[in-house]
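Raw work-v3.cif, mmCIF, C-alpha atoms:
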data_my_file
#
loop_
_atom_site.label_atom_id
_atom_site.label_comp_id
_atom_site.auth_asym_id
_atom_site.auth_seq_id
_atom_site.Cartn_x
_atom_site.Cartn_y
_atom_site.Cartn_z
CA MET A 1 -7.38 34.18 -8.93
CA ILE A 2 -6.33 30.63 -9.65
CA SER A 3 -3.59 29.98 -12.18
CA ALA A 4 -4.29 28.70 -15.66
CA ASN A 5 -1.89 25.78 -15.04
CA LEU A 6 -3.86 24.68 -11.97
CA LEU A 7 -7.08 24.88 -13.95
CA LEU A 8 -5.55 22.86 -16.81
CA ALA A 9 -4.37 20.18 -14.39
CA HIS A 10 -7.88 19.98 -12.90
CA PHE A 11 -9.40 19.43 -16.34
CA TRP A 12 -6.75 16.84 -17.24
CA THR A 13 -7.55 14.91 -14.05
CA ASN A 14 -11.21 14.88 -15.11
CA ALA A 15 -10.66 13.79 -18.73
CA ASN A 16 -11.15 17.40 -19.97
CA LYS A 17 -14.83 17.42 -18.95
CA ILE A 18 -16.43 18.64 -15.73
CA THR A 19 -20.13 18.70 -14.88
CA THR A 20 -21.25 20.96 -12.05
CA PRO A 21 -23.83 19.84 -9.47
CA THR A 22 -26.50 21.86 -11.34
CA GLY A 23 -25.72 20.23 -14.70
CA VAL A 24 -23.55 22.83 -16.42
CA GLU A 25 -20.98 21.02 -18.55
CA LEU A 26 -17.48 22.44 -18.97
CA ASP A 27 -15.26 21.07 -21.73
CA LEU A 28 -11.59 21.87 -22.27
CA ASN A 29 -10.74 22.08 -25.98
CA ASP A 30 -7.13 21.95 -27.21
CA ASP A 31 -5.83 23.01 -23.76
CA GLU A 32 -6.80 26.59 -24.66
CA THR A 33 -10.56 27.04 -24.70
CA ILE A 34 -13.26 26.20 -22.19
CA SER A 35 -16.81 25.66 -23.45
CA LEU A 36 -19.70 25.86 -21.00
CA SER A 37 -23.16 24.56 -21.83
CA VAL A 38 -26.39 23.50 -20.24
CA THR A 39 -29.49 22.08 -21.91
CA LEU A 40 -32.92 23.04 -20.63
CA ARG A 41 -36.04 21.01 -21.26
CA ASN A 42 -39.34 20.18 -19.61
CA GLN A 43 -39.78 16.92 -17.79
CA GLU A 44 -42.51 15.95 -20.21
CA ASP A 45 -41.56 14.94 -23.73
CA TYR A 46 -41.87 18.33 -25.44
CA PRO A 47 -40.20 18.72 -28.83
CA GLU A 48 -38.08 21.74 -27.88
CA ARG A 49 -34.86 22.00 -25.92
CA TYR A 50 -32.76 25.09 -25.30
CA GLN A 51 -29.02 25.05 -24.87
CA LEU A 52 -27.16 27.93 -23.25
CA LYS A 53 -23.52 28.02 -24.22
CA ALA A 54 -20.41 30.14 -23.81
CA ARG A 55 -16.76 29.84 -24.80
CA PHE A 56 -13.72 31.40 -23.16
CA GLY A 57 -9.94 31.25 -23.30
CA LEU A 58 -8.38 29.99 -20.05
CA GLU A 59 -7.47 33.40 -18.62
CA GLN A 60 -10.72 34.96 -19.78
CA PHE A 61 -12.65 32.12 -18.09
CA ILE A 62 -10.82 32.70 -14.80
CA ASP A 63 -11.31 36.48 -14.97
CA THR A 64 -14.95 36.48 -16.14
CA LEU A 65 -16.08 33.98 -13.53
CA GLU A 66 -13.73 35.41 -10.88
CA LEU A 67 -12.44 31.98 -9.88
CA GLU A 68 -10.43 32.18 -6.68
CA GLN A 69 -10.22 28.41 -6.09
CA LEU A 70 -11.02 25.22 -7.99
CA GLU A 71 -14.08 24.75 -5.77
CA GLY A 72 -15.55 27.80 -7.50
CA ILE A 73 -16.17 25.64 -10.56
CA ASP A 74 -18.88 23.78 -8.63
CA GLU A 75 -20.65 27.10 -8.09
CA ILE A 76 -21.16 27.64 -11.83
CA SER A 77 -24.90 27.19 -12.29
CA ILE A 78 -27.74 27.73 -14.72
CA GLU A 79 -28.11 31.19 -13.19
CA THR A 80 -24.47 31.87 -14.08
CA MET A 81 -25.21 30.89 -17.67
CA PHE A 82 -28.23 33.24 -17.80
CA THR A 83 -26.10 36.05 -16.37
CA LEU A 84 -23.45 35.41 -19.03
CA MET A 85 -26.18 35.54 -21.68
CA VAL A 86 -27.55 38.85 -20.35
CA ILE A 87 -24.10 40.49 -20.44
CA GLY A 88 -23.49 39.16 -23.95
CA SER A 89 -20.92 36.47 -23.12
CA ALA A 90 -23.19 33.49 -23.84
CA GLY A 91 -25.72 32.52 -26.45
CA TYR A 92 -28.45 29.97 -26.90
CA SER A 93 -29.73 27.48 -29.43
CA LEU A 94 -33.14 25.96 -29.91
CA PHE A 95 -33.37 22.27 -30.78
CA ARG A 96 -36.44 20.47 -32.00
CA VAL A 97 -36.41 16.74 -31.42
#

Show this structure as structure tokens.
Amino acid sequence: MISANLLLAHFWTNANKITTPTGVELDLNDDETISLSVTLRNQEDYPERYQLKARFGLEQFIDTLELEQLEGIDEISIETMFTLMVIGSAGYSLFRV
């Protein structure tokens, strides 16, 4: 597993925000908590949007997602978020716009 200090340094280099290639946003809050979120919507202008979100402490984030290297962050996807929701580690919100 990667160290929490290496993960912190990676977030600091990226202004505490990382977006994966599939659009999952990771935010570092107070150097202690990582929030993951992704918003789902249709391409057409429908009034509903769903946001999947999860929140972890640094060590819990590393352990839950089994991060071996920093490159593993890029592998966090929408499917990862659905998996986290199924196991009870993520939730969702419905937005009407």

Between A:Leu7, A:Ile34, A:Ala15, A:Glu48, which one has atoms that come closest to A:Arg96, using only C-alpha atoms?
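Smallest separation from A:Arg96 among the options: A:Glu48.
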
What would the list of residues within 12 Å of (-11.3, 17.0, -16.9) (file frame) look like as a PyMOL selection string, if all atoms listed in the file are what count?
chain A and resi 6-20+25-29+31+34+73

Atom CA of A:Pro21 to atom CA of A:Gln69, straight-line distance in Å:
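We find that atom CA of A:Gln69 and atom CA of A:Pro21 lie 16.4 Å from each other.
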
Under the PyMOL selection byres ((chain A and resi 89) around 12), which residues of this model are included? Write them out as a PyMOL selection string.
chain A and resi 35-36+52-56+60-61+64-65+80-88+90-92

In Å and to one decimal, atom CA of A:Glu71 is distant from atom CA of A:Ser3 by 13.4 Å

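Take the candidates A:Val24, A:Ala4, A:Ile76, A:Leu67 and check each one against A:Leu40 using all atoms listed in the file; the shortest distance goes to A:Val24.
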
As a check of understanding: the span from atom CA of A:Gln51 to atom CA of A:Gly23 is 11.7 Å

Which one is closest to A:Val38: A:Leu58, A:Met1, A:Thr22, A:Asp74? Count only C-alpha atoms.
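The answer is A:Thr22, which sits nearest to A:Val38.
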
Compare A:Glu59, A:Phe95, A:Asn5, A:Glu79 by their minimum atom-to-atom distance to A:Arg41, counting only C-alpha atoms, and give me the closest one.
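For A:Arg41, the nearest of the given residues is A:Phe95.
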
Take stretch 79-90 of chain A, bring it up to all heavy atoms, and give me the output as an mmCIF file, keeping the file's coordinate frame.
data_model
loop_
_atom_site.group_PDB
_atom_site.id
_atom_site.type_symbol
_atom_site.label_atom_id
_atom_site.label_comp_id
_atom_site.auth_asym_id
_atom_site.auth_seq_id
_atom_site.Cartn_x
_atom_site.Cartn_y
_atom_site.Cartn_z
ATOM 1 N N GLU A 79 -28.010 29.746 -13.384
ATOM 2 C CA GLU A 79 -28.110 31.190 -13.190
ATOM 3 C C GLU A 79 -26.870 31.906 -13.729
ATOM 4 O O GLU A 79 -26.974 32.980 -14.316
ATOM 5 C CB GLU A 79 -28.309 31.532 -11.699
ATOM 6 C CG GLU A 79 -29.655 31.154 -11.154
ATOM 7 C CD GLU A 79 -29.753 29.693 -10.711
ATOM 8 O OE1 GLU A 79 -28.737 28.972 -10.721
ATOM 9 O OE2 GLU A 79 -30.855 29.259 -10.358
ATOM 10 N N THR A 80 -25.699 31.305 -13.532
ATOM 11 C CA THR A 80 -24.470 31.870 -14.080
ATOM 12 C C THR A 80 -24.570 31.956 -15.599
ATOM 13 O O THR A 80 -24.195 32.972 -16.201
ATOM 14 C CB THR A 80 -23.250 30.995 -13.700
ATOM 15 O OG1 THR A 80 -23.204 30.811 -12.291
ATOM 16 C CG2 THR A 80 -21.954 31.607 -14.197
ATOM 17 N N MET A 81 -25.085 30.907 -16.209
ATOM 18 C CA MET A 81 -25.210 30.890 -17.670
ATOM 19 C C MET A 81 -26.177 31.973 -18.143
ATOM 20 O O MET A 81 -25.918 32.652 -19.133
ATOM 21 C CB MET A 81 -25.672 29.509 -18.142
ATOM 22 C CG MET A 81 -24.663 28.400 -17.887
ATOM 23 S SD MET A 81 -23.086 28.640 -18.743
ATOM 24 C CE MET A 81 -23.581 28.457 -20.451
ATOM 25 N N PHE A 82 -27.296 32.176 -17.427
ATOM 26 C CA PHE A 82 -28.230 33.240 -17.800
ATOM 27 C C PHE A 82 -27.576 34.612 -17.632
ATOM 28 O O PHE A 82 -27.758 35.496 -18.461
ATOM 29 C CB PHE A 82 -29.525 33.157 -16.987
ATOM 30 C CG PHE A 82 -30.525 32.191 -17.556
ATOM 31 C CD1 PHE A 82 -30.860 31.058 -16.868
ATOM 32 C CD2 PHE A 82 -31.121 32.423 -18.791
ATOM 33 C CE1 PHE A 82 -31.784 30.157 -17.385
ATOM 34 C CE2 PHE A 82 -32.041 31.538 -19.321
ATOM 35 C CZ PHE A 82 -32.374 30.403 -18.615
ATOM 36 N N THR A 83 -26.800 34.787 -16.585
ATOM 37 C CA THR A 83 -26.100 36.050 -16.370
ATOM 38 C C THR A 83 -25.119 36.307 -17.516
ATOM 39 O O THR A 83 -25.040 37.423 -18.044
ATOM 40 C CB THR A 83 -25.351 36.050 -15.019
ATOM 41 O OG1 THR A 83 -26.297 35.846 -13.967
ATOM 42 C CG2 THR A 83 -24.608 37.347 -14.792
ATOM 43 N N LEU A 84 -24.380 35.273 -17.913
ATOM 44 C CA LEU A 84 -23.450 35.410 -19.030
ATOM 45 C C LEU A 84 -24.196 35.782 -20.318
ATOM 46 O O LEU A 84 -23.709 36.570 -21.131
ATOM 47 C CB LEU A 84 -22.648 34.132 -19.235
ATOM 48 C CG LEU A 84 -21.625 33.799 -18.155
ATOM 49 C CD1 LEU A 84 -21.057 32.400 -18.369
ATOM 50 C CD2 LEU A 84 -20.516 34.841 -18.114
ATOM 51 N N MET A 85 -25.403 35.226 -20.486
ATOM 52 C CA MET A 85 -26.180 35.540 -21.680
ATOM 53 C C MET A 85 -26.635 37.004 -21.635
ATOM 54 O O MET A 85 -26.534 37.712 -22.638
ATOM 55 C CB MET A 85 -27.387 34.607 -21.798
ATOM 56 C CG MET A 85 -28.061 34.710 -23.141
ATOM 57 S SD MET A 85 -29.307 33.465 -23.410
ATOM 58 C CE MET A 85 -30.669 34.171 -22.526
ATOM 59 N N VAL A 86 -27.074 37.475 -20.486
ATOM 60 C CA VAL A 86 -27.550 38.850 -20.350
ATOM 61 C C VAL A 86 -26.424 39.850 -20.652
ATOM 62 O O VAL A 86 -26.647 40.874 -21.307
ATOM 63 C CB VAL A 86 -28.145 39.088 -18.947
ATOM 64 C CG1 VAL A 86 -28.351 40.553 -18.663
ATOM 65 C CG2 VAL A 86 -29.460 38.335 -18.800
ATOM 66 N N ILE A 87 -25.201 39.555 -20.205
ATOM 67 C CA ILE A 87 -24.100 40.490 -20.440
ATOM 68 C C ILE A 87 -23.440 40.287 -21.809
ATOM 69 O O ILE A 87 -22.476 40.960 -22.144
ATOM 70 C CB ILE A 87 -23.035 40.431 -19.316
ATOM 71 C CG1 ILE A 87 -22.331 39.074 -19.273
ATOM 72 C CG2 ILE A 87 -23.641 40.803 -17.988
ATOM 73 C CD1 ILE A 87 -21.152 39.024 -18.323
ATOM 74 N N GLY A 88 -23.977 39.353 -22.584
ATOM 75 C CA GLY A 88 -23.490 39.160 -23.950
ATOM 76 C C GLY A 88 -22.333 38.193 -24.098
ATOM 77 O O GLY A 88 -21.719 38.116 -25.154
ATOM 78 N N SER A 89 -22.030 37.420 -23.055
ATOM 79 C CA SER A 89 -20.920 36.470 -23.120
ATOM 80 C C SER A 89 -21.372 35.046 -23.401
ATOM 81 O O SER A 89 -20.557 34.145 -23.461
ATOM 82 C CB SER A 89 -20.135 36.499 -21.809
ATOM 83 O OG SER A 89 -19.516 37.745 -21.640
ATOM 84 N N ALA A 90 -22.661 34.836 -23.548
ATOM 85 C CA ALA A 90 -23.190 33.490 -23.840
ATOM 86 C C ALA A 90 -24.330 33.639 -24.839
ATOM 87 O O ALA A 90 -24.938 34.704 -24.979
ATOM 88 C CB ALA A 90 -23.681 32.815 -22.563
#
